[in-house]
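> My file is run_6.cif. It has mmCIF, C-alpha atoms:
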```
data_final
#
loop_
_atom_site.label_atom_id
_atom_site.label_comp_id
_atom_site.auth_asym_id
_atom_site.auth_seq_id
_atom_site.Cartn_x
_atom_site.Cartn_y
_atom_site.Cartn_z
CA MET H 29 -23.99 6.61 -52.39
CA ALA H 30 -24.62 3.05 -51.22
CA PRO H 31 -24.64 2.50 -47.47
CA SER H 32 -21.52 1.06 -45.92
CA PRO H 33 -21.88 -2.72 -45.53
CA ASP H 34 -20.56 -2.66 -41.93
CA ILE H 35 -23.24 -0.30 -40.60
CA PRO H 36 -25.18 -2.30 -38.01
CA ASP H 37 -28.81 -3.00 -38.69
CA GLU H 38 -30.06 -2.19 -35.17
CA PRO H 39 -33.36 -0.29 -35.47
CA TRP H 40 -33.92 -0.50 -31.69
CA ILE H 41 -30.96 1.87 -31.07
CA ASP H 42 -31.60 5.57 -31.61
CA PHE H 43 -28.32 6.65 -33.23
CA SER H 44 -29.57 10.22 -33.44
CA LEU H 45 -28.54 10.49 -29.79
CA PHE H 46 -24.86 9.73 -30.50
CA GLY H 47 -23.75 12.68 -32.63
CA GLY H 48 -23.22 10.77 -35.87
CA ALA H 49 -21.49 7.72 -34.46
CA GLU H 50 -22.05 4.43 -36.30
CA SER H 51 -20.99 2.22 -33.40
CA LEU H 52 -21.54 2.27 -29.67
CA THR H 53 -17.80 1.66 -29.18
CA GLU H 54 -16.56 4.17 -31.75
CA GLY H 55 -13.54 6.07 -30.46
CA ARG H 56 -13.17 3.74 -27.48
CA GLU H 57 -10.41 1.17 -27.27
CA MET H 58 -12.01 -1.47 -25.11
CA ARG H 59 -10.12 -4.35 -23.54
CA ASP H 60 -11.27 -7.84 -24.36
CA LYS H 61 -12.49 -9.78 -21.32
CA GLY H 62 -9.87 -12.43 -21.89
CA SER H 63 -6.98 -9.98 -21.63
CA ARG H 64 -8.04 -8.32 -18.41
CA ARG H 65 -5.59 -8.44 -15.54
CA THR H 66 -8.15 -8.08 -12.77
CA ILE H 67 -10.99 -10.34 -11.65
CA VAL H 68 -14.30 -9.80 -9.86
CA VAL H 69 -15.17 -12.39 -7.22
CA SER H 70 -18.92 -11.79 -7.41
CA PRO H 71 -19.80 -10.18 -10.77
CA SER H 72 -23.06 -8.29 -11.04
CA GLU H 73 -25.03 -6.70 -13.84
CA HIS H 74 -23.05 -3.51 -13.25
CA THR H 75 -19.60 -5.13 -13.45
CA GLU H 76 -19.04 -4.47 -17.16
CA SER H 77 -19.78 -0.77 -16.69
CA LEU H 78 -16.69 -0.51 -14.44
CA TYR H 79 -14.35 -1.26 -17.33
CA GLY H 80 -13.55 1.56 -19.73
CA SER H 81 -11.13 2.55 -22.46
CA ARG H 82 -7.37 2.68 -22.37
CA GLN H 83 -5.85 5.50 -20.34
CA ASP H 84 -3.78 8.21 -22.00
CA PRO H 85 -0.17 7.02 -21.49
CA ASN H 86 1.19 10.57 -21.47
CA ASP H 87 -0.28 11.64 -18.15
CA PHE H 88 -1.64 10.34 -14.88
CA LEU H 89 -5.37 9.74 -14.36
CA TRP H 90 -6.56 12.98 -12.76
CA LEU H 91 -9.82 12.72 -10.84
CA MET H 92 -11.98 15.39 -9.23
CA THR H 93 -13.69 12.99 -6.83
CA GLU H 94 -12.52 12.41 -3.27
CA GLU H 95 -10.78 9.18 -2.37
CA PRO H 96 -13.31 6.33 -1.99
CA HIS H 97 -12.31 4.81 1.34
CA ARG H 98 -13.81 7.34 3.70
CA THR H 99 -17.19 7.09 1.97
CA ARG H 100 -17.17 3.30 1.92
CA ARG H 101 -16.06 3.20 5.56
CA LYS H 102 -19.13 5.22 6.56
CA GLU H 103 -21.39 2.98 4.48
CA ILE H 104 -19.97 -0.18 6.06
CA ILE H 105 -20.30 1.28 9.55
CA LYS H 106 -23.94 2.08 8.82
CA ALA H 107 -24.65 -1.38 7.41
CA HIS H 108 -22.48 -3.33 9.88
CA PRO H 109 -21.95 -1.40 13.14
CA GLU H 110 -20.37 -4.52 14.62
CA VAL H 111 -17.28 -3.70 12.54
CA PHE H 112 -15.98 -1.75 15.54
CA LYS H 113 -15.41 -5.04 17.35
CA LEU H 114 -12.67 -5.85 14.81
CA MET H 115 -10.63 -2.75 15.63
CA GLY H 116 -7.69 -2.62 18.01
CA HIS H 117 -4.19 -3.97 18.41
CA GLU H 118 -3.18 -7.57 17.68
CA PRO H 119 -0.87 -9.09 20.37
CA LEU H 120 0.34 -11.76 17.93
CA THR H 121 2.11 -9.13 15.80
CA LYS H 122 5.04 -8.61 18.17
CA TYR H 123 5.75 -12.33 18.38
CA VAL H 124 5.70 -12.80 14.60
CA ALA H 125 7.88 -9.72 14.02
CA LEU H 126 10.47 -10.67 16.64
CA SER H 127 10.57 -14.25 15.34
CA VAL H 128 11.41 -13.03 11.83
CA VAL H 129 14.03 -10.64 13.25
CA THR H 130 15.62 -13.63 15.00
CA LEU H 131 15.44 -15.73 11.82
CA GLN H 132 17.24 -13.09 9.79
CA ILE H 133 20.00 -12.51 12.33
CA LEU H 134 20.48 -16.28 12.68
CA THR H 135 20.63 -16.75 8.90
CA ALA H 136 23.14 -13.90 8.60
CA TRP H 137 25.21 -15.54 11.36
CA LEU H 138 25.26 -18.89 9.56
CA LEU H 139 26.44 -17.16 6.35
CA ARG H 140 29.03 -14.94 8.00
CA PHE H 141 31.99 -16.80 6.50
CA THR H 142 30.35 -17.45 3.12
CA SER H 143 31.37 -15.35 0.14
CA PRO H 144 28.66 -12.81 -0.79
CA TRP H 145 29.20 -13.79 -4.45
CA SER H 146 28.61 -17.51 -3.92
CA TRP H 147 25.38 -19.08 -5.15
CA LYS H 148 24.60 -20.23 -1.61
CA PHE H 149 24.77 -16.66 -0.30
CA LEU H 150 22.85 -15.11 -3.20
CA LEU H 151 20.06 -17.69 -3.17
CA ALA H 152 19.71 -17.43 0.61
CA ALA H 153 19.55 -13.63 0.35
CA TYR H 154 16.85 -13.84 -2.31
CA PHE H 155 14.60 -16.63 -1.06
CA ILE H 156 15.08 -16.49 2.71
CA GLY H 157 16.27 -12.92 3.20
CA GLY H 158 14.05 -11.30 0.59
CA THR H 159 10.96 -13.01 1.95
CA ALA H 160 11.88 -12.32 5.59
CA ASN H 161 12.77 -8.66 5.08
CA HIS H 162 9.66 -8.06 3.01
CA ASN H 163 7.73 -9.52 5.92
CA LEU H 164 9.54 -7.05 8.19
CA PHE H 165 8.68 -4.15 5.84
CA LEU H 166 5.05 -5.07 6.36
CA ALA H 167 5.50 -5.63 10.08
CA VAL H 168 6.70 -2.02 10.26
CA HIS H 169 3.64 -1.05 8.21
CA GLU H 170 1.37 -2.81 10.71
CA ILE H 171 3.17 -1.24 13.67
CA THR H 172 2.93 2.17 11.98
CA HIS H 173 -0.83 1.98 12.58
CA ASN H 174 -0.22 1.30 16.30
CA LEU H 175 -1.56 -2.21 15.91
CA ALA H 176 1.07 -4.17 17.88
CA PHE H 177 0.49 -2.50 21.26
CA LYS H 178 -2.04 -0.11 22.73
CA GLY H 179 0.64 2.44 23.56
CA ILE H 180 2.49 4.66 21.11
CA LYS H 181 5.99 4.40 22.58
CA ALA H 182 5.82 0.61 22.65
CA ASN H 183 4.84 0.54 18.97
CA LYS H 184 7.65 2.91 18.04
CA MET H 185 10.26 0.89 19.93
CA LEU H 186 9.06 -2.34 18.32
CA ALA H 187 9.25 -0.68 14.90
CA ILE H 188 12.88 0.30 15.57
CA ILE H 189 13.76 -3.24 16.66
CA THR H 190 11.92 -4.74 13.69
CA ASN H 191 13.94 -2.42 11.45
CA LEU H 192 17.30 -3.89 12.57
CA PRO H 193 17.64 -6.71 9.97
CA ILE H 194 16.65 -4.26 7.22
CA GLY H 195 20.02 -2.55 7.73
CA ILE H 196 18.89 1.00 6.93
CA PRO H 197 16.85 3.14 9.35
CA TYR H 198 13.47 3.88 7.84
CA ALA H 199 10.69 2.79 10.21
CA ILE H 200 10.09 6.14 11.92
CA THR H 201 10.35 8.14 8.69
CA PHE H 202 7.98 5.73 6.97
CA LYS H 203 5.28 6.37 9.55
CA GLY H 204 4.78 10.05 8.76
CA TYR H 205 4.70 9.50 5.02
CA HIS H 206 2.44 6.48 5.24
CA LEU H 207 -0.19 8.17 7.37
CA GLU H 208 -0.27 10.99 4.82
CA HIS H 209 -0.72 8.37 2.11
CA HIS H 210 -3.89 7.24 3.90
CA LYS H 211 -5.24 10.68 4.67
CA TYR H 212 -4.35 12.35 1.35
CA LEU H 213 -4.55 9.37 -1.02
CA GLY H 214 -3.63 10.40 -4.55
CA GLU H 215 -3.07 14.08 -3.74
CA ASP H 216 -0.20 15.38 -5.83
CA GLY H 217 2.72 16.71 -3.80
CA ILE H 218 1.50 15.11 -0.56
CA ASP H 219 1.09 11.38 -1.20
CA VAL H 220 4.70 10.34 -1.84
CA ASP H 221 3.56 6.89 -2.96
CA LEU H 222 2.77 8.53 -6.32
CA PRO H 223 5.37 8.55 -9.13
CA THR H 224 6.69 11.97 -10.07
CA ASN H 225 6.56 13.65 -13.48
CA LEU H 226 10.28 12.89 -13.89
CA GLU H 227 9.59 9.16 -13.43
CA LEU H 228 6.75 9.42 -15.95
CA PHE H 229 9.07 11.06 -18.47
CA CYS H 230 12.02 8.69 -18.03
CA LEU H 231 10.45 5.31 -17.23
CA ASN H 232 7.28 5.13 -19.31
CA ASN H 233 8.49 2.32 -21.57
CA VAL H 234 9.40 -1.36 -21.28
CA LEU H 235 13.03 -0.80 -20.26
CA GLY H 236 11.98 1.93 -17.88
CA LYS H 237 9.44 -0.36 -16.25
CA VAL H 238 12.05 -3.11 -15.90
CA PHE H 239 14.36 -0.60 -14.21
CA PHE H 240 11.55 0.62 -11.95
CA CYS H 241 10.54 -2.89 -10.87
CA THR H 242 14.16 -3.89 -10.24
CA PHE H 243 15.01 -0.85 -8.13
CA GLN H 244 11.60 0.14 -6.82
CA ILE H 245 12.82 -0.09 -3.23
CA LEU H 246 15.15 2.84 -4.02
CA PHE H 247 12.30 4.86 -5.52
CA TYR H 248 10.24 4.41 -2.37
CA ALA H 249 13.24 5.28 -0.22
CA LEU H 250 14.44 8.37 -2.13
CA ARG H 251 11.28 9.85 -3.66
CA PRO H 252 9.83 11.22 -0.38
CA GLY H 253 12.88 13.39 0.22
CA PHE H 254 12.41 15.10 -3.15
CA VAL H 255 8.64 15.51 -2.88
CA ARG H 256 7.86 16.32 0.75
CA SER H 257 10.39 16.59 3.55
CA GLN H 258 9.70 15.73 7.17
CA LYS H 259 10.55 17.66 10.29
CA PRO H 260 12.89 15.42 12.31
CA THR H 261 11.84 14.40 15.81
CA TYR H 262 13.73 12.74 18.63
CA TRP H 263 12.21 9.43 17.45
CA HIS H 264 13.96 9.87 14.10
CA PHE H 265 17.21 10.39 16.03
CA ILE H 266 16.64 7.31 18.21
CA GLY H 267 15.87 5.17 15.15
CA ILE H 268 19.01 6.29 13.32
CA VAL H 269 21.29 5.86 16.34
CA VAL H 270 19.97 2.38 17.18
CA GLN H 271 20.24 1.16 13.57
CA LEU H 272 23.72 2.57 12.93
CA SER H 273 24.94 1.23 16.28
CA PHE H 274 23.68 -2.22 15.34
CA ASP H 275 25.38 -2.05 11.92
CA VAL H 276 28.68 -0.81 13.35
CA MET H 277 28.69 -3.46 16.07
CA LEU H 278 28.20 -6.18 13.46
CA VAL H 279 31.09 -4.98 11.31
CA LYS H 280 33.56 -4.12 14.08
CA TYR H 281 32.92 -6.61 16.85
CA VAL H 282 31.40 -9.74 15.28
CA PRO H 283 33.68 -12.12 13.33
CA GLY H 284 32.28 -12.21 9.81
CA GLY H 285 29.99 -9.31 10.70
CA ARG H 286 30.72 -7.54 7.44
CA ASN H 287 29.20 -10.42 5.47
CA MET H 288 26.27 -10.47 7.89
CA LEU H 289 25.52 -6.82 7.12
CA ILE H 290 25.90 -7.46 3.39
CA TYR H 291 23.40 -10.30 3.68
CA LEU H 292 20.87 -8.13 5.52
CA ILE H 293 21.10 -5.20 3.09
CA MET H 294 21.06 -7.55 0.09
CA SER H 295 17.92 -9.12 1.54
CA SER H 296 16.30 -5.69 1.73
CA PHE H 297 17.20 -5.02 -1.89
CA TRP H 298 15.69 -8.30 -3.10
CA ALA H 299 12.62 -7.73 -0.91
CA GLY H 300 11.83 -4.59 -2.89
CA SER H 301 13.02 -5.78 -6.29
CA LEU H 302 11.94 -8.60 -8.64
CA HIS H 303 10.53 -10.69 -5.82
CA PRO H 304 7.09 -12.39 -5.76
CA LEU H 305 6.01 -10.42 -2.69
CA ALA H 306 7.13 -7.11 -4.20
CA GLY H 307 4.26 -7.36 -6.65
CA HIS H 308 2.04 -5.84 -3.99
CA PHE H 309 3.74 -2.45 -4.46
CA ILE H 310 2.31 -2.31 -7.98
CA ALA H 311 -0.90 -4.22 -7.28
CA GLU H 312 -2.20 -1.87 -4.60
CA HIS H 313 -2.78 1.41 -6.42
CA TYR H 314 -1.87 1.18 -10.11
CA VAL H 315 -4.90 1.50 -12.41
CA TRP H 316 -5.71 -1.48 -14.64
CA ASP H 317 -8.12 -2.47 -17.42
CA GLY H 318 -9.49 1.00 -18.06
CA LEU H 319 -10.81 1.21 -14.51
CA SER H 320 -10.84 4.40 -12.47
CA GLN H 321 -10.58 2.32 -9.29
CA GLU H 322 -7.42 3.32 -7.43
CA THR H 323 -7.07 0.60 -4.79
CA TYR H 324 -7.02 -3.15 -5.44
CA SER H 325 -7.00 -6.16 -3.18
CA TYR H 326 -5.33 -9.54 -3.62
CA TYR H 327 -6.73 -12.55 -1.74
CA GLY H 328 -4.14 -15.22 -2.59
CA TRP H 329 -1.94 -17.37 -0.39
CA LEU H 330 1.08 -15.03 -0.46
CA ASN H 331 -0.75 -12.94 2.11
CA ILE H 332 0.54 -15.50 4.63
CA PHE H 333 3.99 -13.90 4.34
CA ALA H 334 2.73 -10.32 4.12
CA TYR H 335 0.46 -9.55 7.08
CA ASN H 336 -2.56 -9.77 4.76
CA VAL H 337 -1.55 -6.52 3.07
CA GLY H 338 -3.26 -7.91 -0.02
CA TYR H 339 -6.55 -7.02 1.64
CA HIS H 340 -5.76 -3.48 0.62
CA ASN H 341 -9.20 -2.03 0.06
CA GLU H 342 -10.14 -3.41 3.44
CA HIS H 343 -7.02 -1.92 5.02
CA HIS H 344 -7.57 1.55 3.56
CA ASP H 345 -11.21 1.48 4.60
CA PHE H 346 -10.31 0.56 8.18
CA PRO H 347 -6.64 1.20 9.10
CA SER H 348 -7.53 0.37 12.72
CA ILE H 349 -8.30 -3.26 11.93
CA PRO H 350 -5.17 -5.45 12.25
CA TRP H 351 -3.96 -7.96 9.73
CA THR H 352 -5.46 -11.00 11.46
CA ARG H 353 -9.00 -9.57 11.19
CA LEU H 354 -8.99 -8.18 7.65
CA PRO H 355 -10.35 -11.46 6.19
CA THR H 356 -13.14 -11.25 8.79
CA LEU H 357 -13.93 -7.71 7.62
CA ARG H 358 -14.28 -8.97 4.05
CA LYS H 359 -16.59 -11.78 5.19
CA LEU H 360 -18.59 -9.30 7.24
CA ALA H 361 -19.21 -6.98 4.28
CA PRO H 362 -18.95 -9.06 1.07
CA GLU H 363 -21.43 -6.80 -0.70
CA PHE H 364 -18.83 -4.02 -0.53
CA TYR H 365 -15.71 -6.00 -1.46
CA ASP H 366 -16.53 -8.99 -3.64
CA ALA H 367 -17.95 -6.79 -6.41
CA LEU H 368 -14.69 -4.81 -6.69
CA PRO H 369 -12.08 -5.85 -9.28
CA SER H 370 -9.08 -7.46 -7.54
CA HIS H 371 -5.81 -9.09 -8.55
CA PRO H 372 -5.42 -12.88 -8.78
CA SER H 373 -1.60 -12.93 -8.55
CA TRP H 374 1.26 -10.78 -7.25
CA PRO H 375 4.08 -12.34 -9.35
CA MET H 376 2.07 -11.93 -12.55
CA ILE H 377 1.43 -8.29 -11.66
CA VAL H 378 5.11 -7.51 -12.18
CA ILE H 379 5.25 -9.45 -15.45
CA ASN H 380 2.09 -7.85 -16.80
CA PHE H 381 3.16 -4.39 -15.66
CA ILE H 382 6.38 -4.70 -17.65
CA ARG H 383 5.01 -6.22 -20.86
CA ASP H 384 1.52 -4.70 -21.07
CA SER H 385 1.37 -1.45 -23.04
CA ASN H 386 -1.97 -0.66 -21.39
CA VAL H 387 -0.37 0.02 -18.02
CA GLY H 388 2.73 1.90 -16.96
CA ILE H 389 4.15 4.56 -14.67
CA TYR H 390 1.26 6.80 -15.76
CA ALA H 391 -1.38 4.41 -14.42
CA ARG H 392 -1.96 6.13 -11.09
CA VAL H 393 -4.84 8.26 -9.89
CA LYS H 394 -3.86 11.81 -8.94
CA ARG H 395 -5.82 14.69 -7.42
CA GLN H 396 -5.02 18.30 -6.89
CA PRO H 397 -4.26 18.98 -3.20
CA ARG H 398 -7.22 20.22 -1.24
CA SER H 399 -7.07 23.94 -0.49
CA GLY H 400 -5.02 24.69 2.58
CA LYS H 401 -4.23 21.02 3.25
CA LYS H 402 -0.61 20.78 2.14
CA ASN H 403 0.72 21.68 5.57
CA ALA H 404 -2.28 20.53 7.57
CA PRO H 405 -1.71 17.93 10.30
CA LEU H 406 -3.46 14.61 10.05
CA THR H 407 -6.62 14.59 12.11
CA VAL H 408 -8.33 12.17 14.45
CA GLU H 409 -11.30 10.28 13.06
CA LEU H 410 -13.14 8.20 15.63
CA ASP H 411 -14.67 5.97 12.95
CA GLY H 412 -11.40 4.12 12.45
CA GLY H 413 -9.77 6.47 9.97
CA CYS H 414 -6.21 7.69 9.93
CA ALA H 415 -5.24 9.66 13.01
CA ASP H 416 -2.34 11.86 13.92
CA VAL H 417 -2.15 14.83 16.27
CA ASN H 418 0.71 16.41 18.15
CA GLU H 419 2.23 14.24 20.85
CA GLY H 420 1.33 15.33 24.33
CA SER H 421 -2.07 16.72 23.40
CA GLY H 422 -3.87 14.16 25.50
CA ALA H 423 -5.39 12.46 22.46
CA SER H 424 -4.03 9.60 20.45
CA THR H 425 -0.87 10.59 18.66
CA ASP H 426 0.31 9.59 15.21
CA GLY H 427 -1.57 6.33 14.83
CA ALA H 428 -4.76 4.92 13.47
CA SER H 429 -5.91 2.47 16.04
CA THR H 430 -6.29 3.40 19.64
CA ASP H 431 -8.76 6.27 19.47
CA GLY H 432 -11.16 4.79 16.96
CA ALA H 433 -10.94 1.27 18.24
CA SER H 434 -11.07 1.64 21.98
CA THR H 435 -13.55 4.51 22.06
CA ASP H 436 -16.02 2.89 19.71
CA ARG H 437 -15.82 -0.59 21.16
CA ALA H 438 -16.37 0.83 24.61
CA SER H 439 -19.42 2.72 23.35
CA GLY H 440 -20.89 -0.34 21.64
CA GLY H 441 -20.05 0.90 18.14
CA ARG H 442 -21.48 4.41 18.41
CA GLY H 443 -18.46 6.03 16.75
CA GLU H 444 -20.47 8.30 14.50
CA GLN H 445 -22.54 9.67 17.37
CA ARG H 446 -19.40 10.33 19.42
CA ARG H 447 -17.47 12.24 16.78
CA ARG H 448 -16.09 15.47 18.16
CA LYS H 449 -17.36 18.71 16.80
CA PRO H 450 -15.11 20.57 14.32
CA SER H 451 -14.89 23.39 16.83
CA ASP H 452 -13.14 21.13 19.32
CA PRO H 453 -9.54 22.42 19.49
CA ALA H 454 -8.14 18.90 19.71
CA VAL H 455 -9.61 17.86 16.37
CA THR H 456 -9.74 19.62 13.04
CA ASP H 457 -12.27 19.02 10.30
CA PRO H 458 -11.35 15.70 8.67
CA SER H 459 -12.89 16.68 5.37
#
```
Hey, can you dump this file as structure tokens for me?

Amino acid sequence: MAPSPDIPDEPWIDFSLFGGAESLTEGREMRDKGSRRTIVVSPSEHTESLYGSRQDPNDFLWLMTEEPHRTRRKEIIKAHPEVFKLMGHEPLTKYVALSVVTLQILTAWLLRFTSPWSWKFLLAAYFIGGTANHNLFLAVHEITHNLAFKGIKANKMLAIITNLPIGIPYAITFKGYHLEHHKYLGEDGIDVDLPTNLELFCLNNVLGKVFFCTFQILFYALRPGFVRSQKPTYWHFIGIVVQLSFDVMLVKYVPGGRNMLIYLIMSSFWAGSLHPLAGHFIAEHYVWDGLSQETYSYYGWLNIFAYNVGYHNEHHDFPSIPWTRLPTLRKLAPEFYDALPSHPSWPMIVINFIRDSNVGIYARVKRQPRSGKKNAPLTVELDGGCADVNEGSGASTDGASTDGASTDRASGGRGEQRRRKPSDPAVTDPS
């Protein structure tokens, strides 16, 4: 039989090592460079090896490796011990957050006698309200890491106040779930940022993705209650009472207050719907281009409105570094960040997510929960990692900034040497 005309004439390749394959890409559906959705700021000779074949659309990407941020954090600390100087609260945060709270209440006041169905009201709710409330979502995120004040109570009270224009109490509940997202990134049944199997079954098509992107704020609000419940604390009670009191006072005692509340809640809906800033929800952890990388950064100008949350690899590596210093972290350690694939646009993320068959609800990294960790409390890591211990223990409670930042800066960046022993009753083994 004559040889097939398309067999490559490549005598320098030993095809006896490939089990009968007649091509080095046989059985692999590779993405063309031109159709990739991610970019690499500083490509290297190893960049192409990061990109692989299309993921199986019928299941999530299950990995056996641990999440990458803890390892990279240790490597950066070793290479750049001065990174500890970037840690600690940012006083500017409270002024920005309170200014946006004032802007939203003032805008709602000016629209109090405008019909909620008028173009003026709807456009204001989308462009002004959606942008402002998304900014407040991310202010709460920043405050969740105790990065507005040194003290815990001050951060919690600011989070509750920042929550007011959002209309629905969520700031305190968000904190517990978000710190677990950092500590147990990708762990099934613990990290509630992950889509469920029901979402995979129902929404893994174009219409499903349109529905998901339109109502993703509801998925993030309702999913945690179905996956992993929280034990209420008095801070949950305070947050609910303050928010509901604010809402009731608007409706009952302020002329036009009903329309004001409609504006605020409509703003929250648009903030988590088909809004340019909402692209970051998908950009952060969905897997793209055949990569097994689970966290992606975005370095564009929309970070101005979003507390630099686009610097997401940087944030997960060092949750104790506030938003104003994340760009400095990237400049400090470019060898760690500029070689990672990142996203060039948030708005296009949503468009590409909907229309690209190579990405969908399934495109998330999942891991099996570590043995015995499902009910384990978050632990203190003095190298800037996520921290959470019981209040009143004498250590930092439920935050990620004060212990790692203040201790290590005071010691001249000797965080690794000052790590407590696993036998210390105040700290459990972070691994």
> Per residue of region 235-332 of chain H within 12 Å of region 190-196 of chain H, record the nearest atom pair and its distance in Å to one decimal, counting only C-alpha atoms, with rows in chain order and ascending residue number, as a tab-separated table.

```
residue	atom	partner	partner_atom	distance
H:Ile245	CA	H:Ile196	CA	11.9
H:Leu246	CA	H:Ile196	CA	11.7
H:Ala249	CA	H:Ile196	CA	10.1
H:Gly267	CA	H:Asn191	CA	8.7
H:Ile268	CA	H:Ile196	CA	8.3
H:Val269	CA	H:Ile196	CA	10.9
H:Val270	CA	H:Leu192	CA	8.2
H:Gln271	CA	H:Leu192	CA	5.9
H:Leu272	CA	H:Ile196	CA	7.9
H:Ser273	CA	H:Leu192	CA	9.9
H:Phe274	CA	H:Leu192	CA	7.2
H:Asp275	CA	H:Gly195	CA	6.8
H:Val276	CA	H:Gly195	CA	10.5
H:Met277	CA	H:Leu192	CA	11.9
H:Leu278	CA	H:Gly195	CA	10.6
H:Val279	CA	H:Gly195	CA	11.9
H:Arg286	CA	H:Gly195	CA	11.8
H:Met288	CA	H:Pro193	CA	9.6
H:Leu289	CA	H:Gly195	CA	7.0
H:Ile290	CA	H:Gly195	CA	8.8
H:Tyr291	CA	H:Pro193	CA	9.3
H:Leu292	CA	H:Pro193	CA	5.7
H:Ile293	CA	H:Gly195	CA	5.5
H:Met294	CA	H:Ile194	CA	9.0
H:Ser295	CA	H:Ile194	CA	7.6
H:Ser296	CA	H:Ile194	CA	5.7
H:Phe297	CA	H:Ile194	CA	9.2
H:Trp298	CA	H:Ile194	CA	11.1
H:Ala299	CA	H:Ile194	CA	9.7
H:Gly300	CA	H:Ile194	CA	11.2
```
> Between CA of Ile156 (chain H) and CA of Leu126 (chain H), what distance in Å does the model show, to one decimal?
15.8 Å
> Mind giving me the straight-line distance from CA of His343 (chain H) to CA of Phe239 (chain H) in Å, one decimal?
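Value for the CA of His343 (chain H)-CA of Phe239 (chain H) distance: 28.8 Å.
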> CA of Arg392 (chain H) and CA of Tyr314 (chain H), how far apart in Å?
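Between these atoms lies a distance of 5.0 Å.
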> Which is closest to Leu164 (chain H) among H:Lys181, H:His117, H:Arg98, H:Lys122, if we use all atoms listed in the file?
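Between H:Lys181, H:His117, H:Arg98, H:Lys122, the residue approaching Leu164 (chain H) most closely is H:Lys122.
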> At a cut-off of 12 Å, using only C-alpha atoms, what residues contact Gly253 (chain H)? Leave out same-chain residues fewer than 2 positions from it and give the result as a PDB file with C-alpha atoms, keeping the file's coordinate frame.

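Heads up, here's the output in result_34.pdb:
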```
ATOM      1  CA  THR H 201      10.350   8.140   8.690  1.00  0.00           C
ATOM      2  CA  PHE H 202       7.980   5.730   6.970  1.00  0.00           C
ATOM      3  CA  TYR H 205       4.700   9.500   5.020  1.00  0.00           C
ATOM      4  CA  GLY H 217       2.720  16.710  -3.800  1.00  0.00           C
ATOM      5  CA  ILE H 218       1.500  15.110  -0.560  1.00  0.00           C
ATOM      6  CA  VAL H 220       4.700  10.340  -1.840  1.00  0.00           C
ATOM      7  CA  ASP H 221       3.560   6.890  -2.960  1.00  0.00           C
ATOM      8  CA  LEU H 246      15.150   2.840  -4.020  1.00  0.00           C
ATOM      9  CA  PHE H 247      12.300   4.860  -5.520  1.00  0.00           C
ATOM     10  CA  TYR H 248      10.240   4.410  -2.370  1.00  0.00           C
ATOM     11  CA  ALA H 249      13.240   5.280  -0.220  1.00  0.00           C
ATOM     12  CA  LEU H 250      14.440   8.370  -2.130  1.00  0.00           C
ATOM     13  CA  ARG H 251      11.280   9.850  -3.660  1.00  0.00           C
ATOM     14  CA  VAL H 255       8.640  15.510  -2.880  1.00  0.00           C
ATOM     15  CA  ARG H 256       7.860  16.320   0.750  1.00  0.00           C
ATOM     16  CA  SER H 257      10.390  16.590   3.550  1.00  0.00           C
ATOM     17  CA  GLN H 258       9.700  15.730   7.170  1.00  0.00           C
ATOM     18  CA  LYS H 259      10.550  17.660  10.290  1.00  0.00           C
TER      19      LYS H 259
END
```
> Give as a ChimeraX atom specification the residues that the PyMOL selection byres ((chain H and resi 362) around 12) matches when applied to the coordinates above.
/H:68-71,104,107-108,342,354-361,363-368
> So that I have them on file, write out the residues from the current selection with C-alpha atoms, as a PDB file, keeping the file's coordinate frame.

```
ATOM      1  CA  VAL H  68     -14.300  -9.800  -9.860  1.00  0.00           C
ATOM      2  CA  VAL H  69     -15.170 -12.390  -7.220  1.00  0.00           C
ATOM      3  CA  SER H  70     -18.920 -11.790  -7.410  1.00  0.00           C
ATOM      4  CA  PRO H  71     -19.800 -10.180 -10.770  1.00  0.00           C
ATOM      5  CA  ILE H 104     -19.970  -0.180   6.060  1.00  0.00           C
ATOM      6  CA  ALA H 107     -24.650  -1.380   7.410  1.00  0.00           C
ATOM      7  CA  HIS H 108     -22.480  -3.330   9.880  1.00  0.00           C
ATOM      8  CA  GLU H 342     -10.140  -3.410   3.440  1.00  0.00           C
ATOM      9  CA  LEU H 354      -8.990  -8.180   7.650  1.00  0.00           C
ATOM     10  CA  PRO H 355     -10.350 -11.460   6.190  1.00  0.00           C
ATOM     11  CA  THR H 356     -13.140 -11.250   8.790  1.00  0.00           C
ATOM     12  CA  LEU H 357     -13.930  -7.710   7.620  1.00  0.00           C
ATOM     13  CA  ARG H 358     -14.280  -8.970   4.050  1.00  0.00           C
ATOM     14  CA  LYS H 359     -16.590 -11.780   5.190  1.00  0.00           C
ATOM     15  CA  LEU H 360     -18.590  -9.300   7.240  1.00  0.00           C
ATOM     16  CA  ALA H 361     -19.210  -6.980   4.280  1.00  0.00           C
ATOM     17  CA  GLU H 363     -21.430  -6.800  -0.700  1.00  0.00           C
ATOM     18  CA  PHE H 364     -18.830  -4.020  -0.530  1.00  0.00           C
ATOM     19  CA  TYR H 365     -15.710  -6.000  -1.460  1.00  0.00           C
ATOM     20  CA  ASP H 366     -16.530  -8.990  -3.640  1.00  0.00           C
ATOM     21  CA  ALA H 367     -17.950  -6.790  -6.410  1.00  0.00           C
ATOM     22  CA  LEU H 368     -14.690  -4.810  -6.690  1.00  0.00           C
TER      23      LEU H 368
END
```
> Evaluate the PyMOL selection byres ((chain H and resi 185) around 10) here and jot the selected residues down as a list in words.
Ile171, Ile180, Lys181, Ala182, Asn183, Lys184, Leu186, Ala187, Ile188, Ile189, Thr190, Asn191, Ala199, Ile200, Trp263, Ile266 and Gly267 of chain H
